[in-house]
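Since the structure comes first, as structure tokens, the remarks are kept for the end.
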Amino acid sequence: MSSIDKVLARIDANLDTSLDRLFDLLKIKSISTDPEFKAPCRYAAEWLAKELTEIGIEASVRDTAGHPMVVGHKKSGKPGPHVLFYGHYDVQPVDPLELWKNDPFEPSIETKDDGTKIIVARGSSDDKGQLMTFVEAARAFIAETGDLPVDVTILFEGEEESGSPSLQPFLQSHKDELSCDLALVCDTGMWDAETPAIAVMLRGMVGDEIIVRAASRDLHSGMYGGSAQNPNHIVADVIAGLHDANGKVTLPGFYDGVIEMPENVKALWETLGFSVEEFLGDVGLKYPRGENDRTPLEHLWTRPTVEVNGMWGGYQGAGSKTVIPAEAHAKFTFRLVGDQDPDKVQESFRAYVRSKIPEDCSVEFIAKDGSPALRLDFDMPALEKGKRALHDEWGKDTALIGMGGSIPIVGDFKRMLGMDTLMIGFGLEDDQIHSPNEKYNLTSFHKGIRSWARVLDELSKD
């Protein structure tokens, strides 16, 4: 029996004790957003450091201005890449508590109507269950072979759910310690319950807010209507002109840096069985929008967008008040792909808005922080090894997927530490993260542990 087969057998034999340890972690009320839970957050960090140390990974709790980090090392100059594994031990608040079937910090295993066994607790999927898949894989490898197949550094954060205010300063001050050849992030999901996935693209984002001002005060619409400029109309004109009849964004230079996906990747996506009807039907909609000549998955993963997130101006109370408002507001976000430059997109947007402002009116801009998109090289050796490892475990080809949102830590790893990231997770769309009755499939936990063992083994090979 090969070493990896022995490790996998150990994982299977010790699943119950792995679940016991996960349940111990899930019981800790590590809600990072609420100062009331400062002590439990620290206890979660100490618990993890202790677990890592006990299995042979030298680990310690590192203080920050907020909740502490946990850093661990197991390295001896072995061949293959030195990897940094990242997860977060903090969780979302549990409100509204009355919608939970049971205490959110008393984990349990339940059986769904279809026979699927699930772990129910706050943090079961996001992210304690996910990070413990790696810890348990490392435990099995060290117990069976005395070591890990590649050098490993571990970073567990305690503020991901509250905006990671301490993360960038920590990365900067510990750059030499944390810079590795490759990062591994588990805060993602599968394509479906049977198909593993690696996220290879994250959209970037930049935002802006505009305040359009006209008259010096709100005006009576009967006295000034038809003569005075109406900021609501100006904002509406700005919004209406952002897309053409085919759904393309009209801003000059907006598509500069947008990259077409390789045809083989598009062909792979066609095999995933994505149903836009089901996707939109879940939220009560039927008809897709966006660029008419693009597929729904392209809309979600590889095409840039502009969305109006809020707009207001004038009287907002009950009944009517016949005024022309003195000012109107709107908030916008742009999701970016490829090599789009956030600064250039914002500059183009602002030039466009200014072109819509009458001479006797003004516009103020309130900038939002921006970040570029990220993508992996499809020929990256580590990506091929990850795909192979997941295929061996799940028996299905690994889906290479995009993500419509962003994972800030991945951008930080790239820009601050110079590392690419393999984003491998085992969560599912119905895990109800951030919501009452959060769950994590027992299969996700069990096969997630086995998957990480296989990934580490593959990464060690030439």
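Residues in the structure tokens are named by chain (A, B, ... in the order shown) and by number from 1 within that chain; ligands are numbered from 1 in the order shown.
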
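Residues with any atom within 8 Å of segment 209-212 of chain A, counting only C-alpha atoms and excluding same-chain neighbours fewer than 2 positions away, are A:Gly207, A:Ala214, A:Pro231, A:Ile234, A:Val235, A:Glu327, A:Ala328, A:His329, A:Ala330, A:Lys331, A:Phe332, A:Ile357, A:Cys361, A:Ser362, A:Val363, A:Glu364, A:Phe365, A:Ile366, A:Ala367, A:Lys368.
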
Using N, CA and C atoms, can you export the residues from the last selection as a CSV table (one decimal), in the first residue's frame?
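out_11.csv, written as the output of this step:
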```
chain,number,residue,atom,x,y,z
A,207,GLY,N,-15.6,51.4,-7.2
A,207,GLY,CA,-16.9,52.0,-7.0
A,207,GLY,C,-16.8,53.5,-7.0
A,214,ALA,N,-28.1,71.2,-8.2
A,214,ALA,CA,-28.6,72.2,-9.2
A,214,ALA,C,-29.0,73.5,-8.4
A,231,PRO,N,-32.1,67.6,-10.7
A,231,PRO,CA,-31.0,66.7,-10.5
A,231,PRO,C,-31.4,65.2,-10.6
A,234,ILE,N,-31.2,64.4,-14.2
A,234,ILE,CA,-29.8,64.3,-14.7
A,234,ILE,C,-29.2,63.0,-14.3
A,235,VAL,N,-29.4,62.6,-13.0
A,235,VAL,CA,-28.9,61.3,-12.6
A,235,VAL,C,-29.5,60.1,-13.4
A,327,GLU,N,-30.6,68.4,-5.0
A,327,GLU,CA,-29.6,67.5,-5.3
A,327,GLU,C,-30.1,66.1,-5.4
A,328,ALA,N,-29.4,65.2,-6.1
A,328,ALA,CA,-29.7,63.8,-6.2
A,328,ALA,C,-28.4,63.0,-6.1
A,329,HIS,N,-28.6,61.8,-5.7
A,329,HIS,CA,-27.4,60.9,-5.4
A,329,HIS,C,-27.5,59.6,-6.2
A,330,ALA,N,-26.4,58.9,-6.4
A,330,ALA,CA,-26.4,57.6,-6.9
A,330,ALA,C,-25.1,56.9,-6.6
A,331,LYS,N,-25.1,55.6,-6.4
A,331,LYS,CA,-23.9,54.8,-6.1
A,331,LYS,C,-23.8,53.8,-7.1
A,332,PHE,N,-22.5,53.6,-7.5
A,332,PHE,CA,-22.2,52.6,-8.6
A,332,PHE,C,-21.1,51.7,-8.2
A,357,ILE,N,-23.5,66.8,-17.2
A,357,ILE,CA,-23.9,67.8,-16.2
A,357,ILE,C,-24.1,69.2,-16.9
A,361,CYS,N,-25.0,73.4,-13.2
A,361,CYS,CA,-25.1,72.4,-12.2
A,361,CYS,C,-23.7,71.9,-11.8
A,362,SER,N,-23.6,71.1,-10.8
A,362,SER,CA,-22.3,70.6,-10.4
A,362,SER,C,-22.4,69.1,-10.0
A,363,VAL,N,-21.3,68.4,-10.0
A,363,VAL,CA,-21.3,67.0,-9.5
A,363,VAL,C,-20.1,66.8,-8.6
A,364,GLU,N,-20.3,66.1,-7.5
A,364,GLU,CA,-19.3,65.7,-6.6
A,364,GLU,C,-19.2,64.2,-6.6
A,365,PHE,N,-17.9,63.7,-6.6
A,365,PHE,CA,-17.6,62.3,-6.6
A,365,PHE,C,-17.1,61.9,-5.3
A,366,ILE,N,-17.6,60.7,-4.8
A,366,ILE,CA,-17.0,60.1,-3.6
A,366,ILE,C,-16.5,58.7,-3.9
A,367,ALA,N,-15.2,58.6,-4.0
A,367,ALA,CA,-14.5,57.4,-4.5
A,367,ALA,C,-14.6,56.3,-3.5
A,368,LYS,N,-14.7,55.1,-4.0
A,368,LYS,CA,-14.6,53.8,-3.3
A,368,LYS,C,-13.3,53.1,-3.6
```

Can you list every residue of segment 86-186 of chain A that has an atom at most 10 Å from segment 30-40 of chain A, with its nearest atom pair and the distance in Å to one decimal, using only C-alpha atoms, ordered by chain then number, as a tab-separated table?
```
residue	atom	partner	partner_atom	distance
A:Tyr89	CA	A:Ser30	CA	7.1
A:Asp90	CA	A:Ser30	CA	5.0
A:Val91	CA	A:Ile31	CA	5.0
A:Gln92	CA	A:Ile31	CA	5.8
A:Pro93	CA	A:Ile31	CA	5.9
A:Val94	CA	A:Ile31	CA	8.7
A:Phe105	CA	A:Ser30	CA	9.9
A:Arg122	CA	A:Ile31	CA	9.7
A:Gly123	CA	A:Ser30	CA	9.1
A:Gly158	CA	A:Ser32	CA	6.7
A:Glu159	CA	A:Ser32	CA	5.7
A:Glu160	CA	A:Ser32	CA	8.1
A:Glu161	CA	A:Ser32	CA	6.6
A:Ser162	CA	A:Thr33	CA	5.3
A:Gly163	CA	A:Thr33	CA	9.0
A:Ser164	CA	A:Ser32	CA	9.8
```

Store the residues of this selection in a file with C-alpha atoms, as a PDB file, in the first residue's frame.
```pdb
ATOM      1  CA  TYR A  89     -11.688  31.077  12.410  1.00  0.00           C
ATOM      2  CA  ASP A  90     -14.131  33.955  12.945  1.00  0.00           C
ATOM      3  CA  VAL A  91     -17.813  33.623  12.075  1.00  0.00           C
ATOM      4  CA  GLN A  92     -20.798  35.783  11.255  1.00  0.00           C
ATOM      5  CA  PRO A  93     -23.317  36.877  13.902  1.00  0.00           C
ATOM      6  CA  VAL A  94     -26.215  34.471  14.337  1.00  0.00           C
ATOM      7  CA  PHE A 105     -23.121  26.986  18.727  1.00  0.00           C
ATOM      8  CA  ARG A 122     -22.572  28.634  12.704  1.00  0.00           C
ATOM      9  CA  GLY A 123     -19.219  28.399  10.953  1.00  0.00           C
ATOM     10  CA  GLY A 158      -9.776  36.119  13.040  1.00  0.00           C
ATOM     11  CA  GLU A 159     -11.268  39.154  11.279  1.00  0.00           C
ATOM     12  CA  GLU A 160     -12.326  37.991   7.815  1.00  0.00           C
ATOM     13  CA  GLU A 161     -16.002  38.464   8.609  1.00  0.00           C
ATOM     14  CA  SER A 162     -15.383  42.017   9.812  1.00  0.00           C
ATOM     15  CA  GLY A 163     -13.366  43.340   6.885  1.00  0.00           C
ATOM     16  CA  SER A 164      -9.865  42.070   7.785  1.00  0.00           C
TER      17      SER A 164
END
```

Worksheet entry | segment 179-330 of chain A: residues DSSP assigns to strand (DSSP E or B), reported as number ranges by chain | A: 182-185, 189, 192, 195, 197-202, 204-213, 219-220, 243, 249, 305-313, 323-324, 327-330

Expected file: the selected residues, C-alpha atoms, as a JSON list (two decimals), in the first residue's frame:
```json
[["chain", "number", "residue", "atom", "x", "y", "z"],
["A", 182, "LEU", "CA", 2.01, 29.04, -3.55],
["A", 183, "ALA", "CA", -1.02, 29.90, -1.42],
["A", 184, "LEU", "CA", -3.92, 27.54, -0.76],
["A", 185, "VAL", "CA", -7.30, 29.04, 0.15],
["A", 189, "GLY", "CA", -16.91, 25.80, -3.01],
["A", 192, "ASP", "CA", -22.14, 20.85, -7.23],
["A", 195, "THR", "CA", -18.14, 17.88, -8.86],
["A", 197, "ALA", "CA", -13.90, 22.86, -8.52],
["A", 198, "ILE", "CA", -10.93, 25.19, -8.52],
["A", 199, "ALA", "CA", -11.69, 28.90, -8.78],
["A", 200, "VAL", "CA", -9.31, 30.35, -11.36],
["A", 201, "MET", "CA", -10.74, 33.86, -11.74],
["A", 202, "LEU", "CA", -11.91, 36.55, -9.35],
["A", 204, "GLY", "CA", -12.05, 42.98, -9.31],
["A", 205, "MET", "CA", -14.10, 46.00, -8.32],
["A", 206, "VAL", "CA", -14.13, 49.77, -8.16],
["A", 207, "GLY", "CA", -16.92, 52.03, -7.00],
["A", 208, "ASP", "CA", -18.04, 55.63, -7.09],
["A", 209, "GLU", "CA", -20.81, 57.79, -5.70],
["A", 210, "ILE", "CA", -22.12, 60.94, -7.33],
["A", 211, "ILE", "CA", -23.97, 63.91, -5.90],
["A", 212, "VAL", "CA", -25.53, 66.13, -8.55],
["A", 213, "ARG", "CA", -26.49, 69.63, -7.39],
["A", 219, "LEU", "CA", -38.01, 74.26, -5.61],
["A", 220, "HIS", "CA", -41.80, 74.31, -6.02],
["A", 243, "HIS", "CA", -25.56, 50.64, -21.55],
["A", 249, "VAL", "CA", -21.25, 49.31, -21.31],
["A", 305, "THR", "CA", -20.26, 45.07, -15.36],
["A", 306, "VAL", "CA", -21.59, 48.34, -14.02],
["A", 307, "GLU", "CA", -24.44, 48.29, -11.53],
["A", 308, "VAL", "CA", -26.41, 51.04, -9.82],
["A", 309, "ASN", "CA", -26.47, 50.12, -6.14],
["A", 310, "GLY", "CA", -28.57, 53.02, -4.89],
["A", 311, "MET", "CA", -30.23, 56.22, -6.11],
["A", 312, "TRP", "CA", -32.17, 58.87, -4.26],
["A", 313, "GLY", "CA", -33.16, 62.51, -4.33],
["A", 323, "VAL", "CA", -40.65, 69.70, -5.24],
["A", 324, "ILE", "CA", -37.73, 69.76, -7.62],
["A", 327, "GLU", "CA", -29.57, 67.50, -5.27],
["A", 328, "ALA", "CA", -29.69, 63.82, -6.20],
["A", 329, "HIS", "CA", -27.40, 60.89, -5.42],
["A", 330, "ALA", "CA", -26.41, 57.57, -6.95]]
```

Fill in: segment 412-428 of chain A environment, 9 Å, only C-alpha atoms, sequence neighbours closer than 4 positions dropped, as a PyMOL selection string
chain A and resi 125-126+130+167-168+171-172+175-176+178-193+196-200+374-376+382-383+386+408+432+440-441+444-445+447-448+452

Fill in: Selection: 9 Å around Glu194 of chain A, only C-alpha atoms, excl. self and same-chain fewer than 5 positions, as a list in words
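Final neighbour list, sorted by chain and number: Trp394, Gly395 and Lys396 of chain A.
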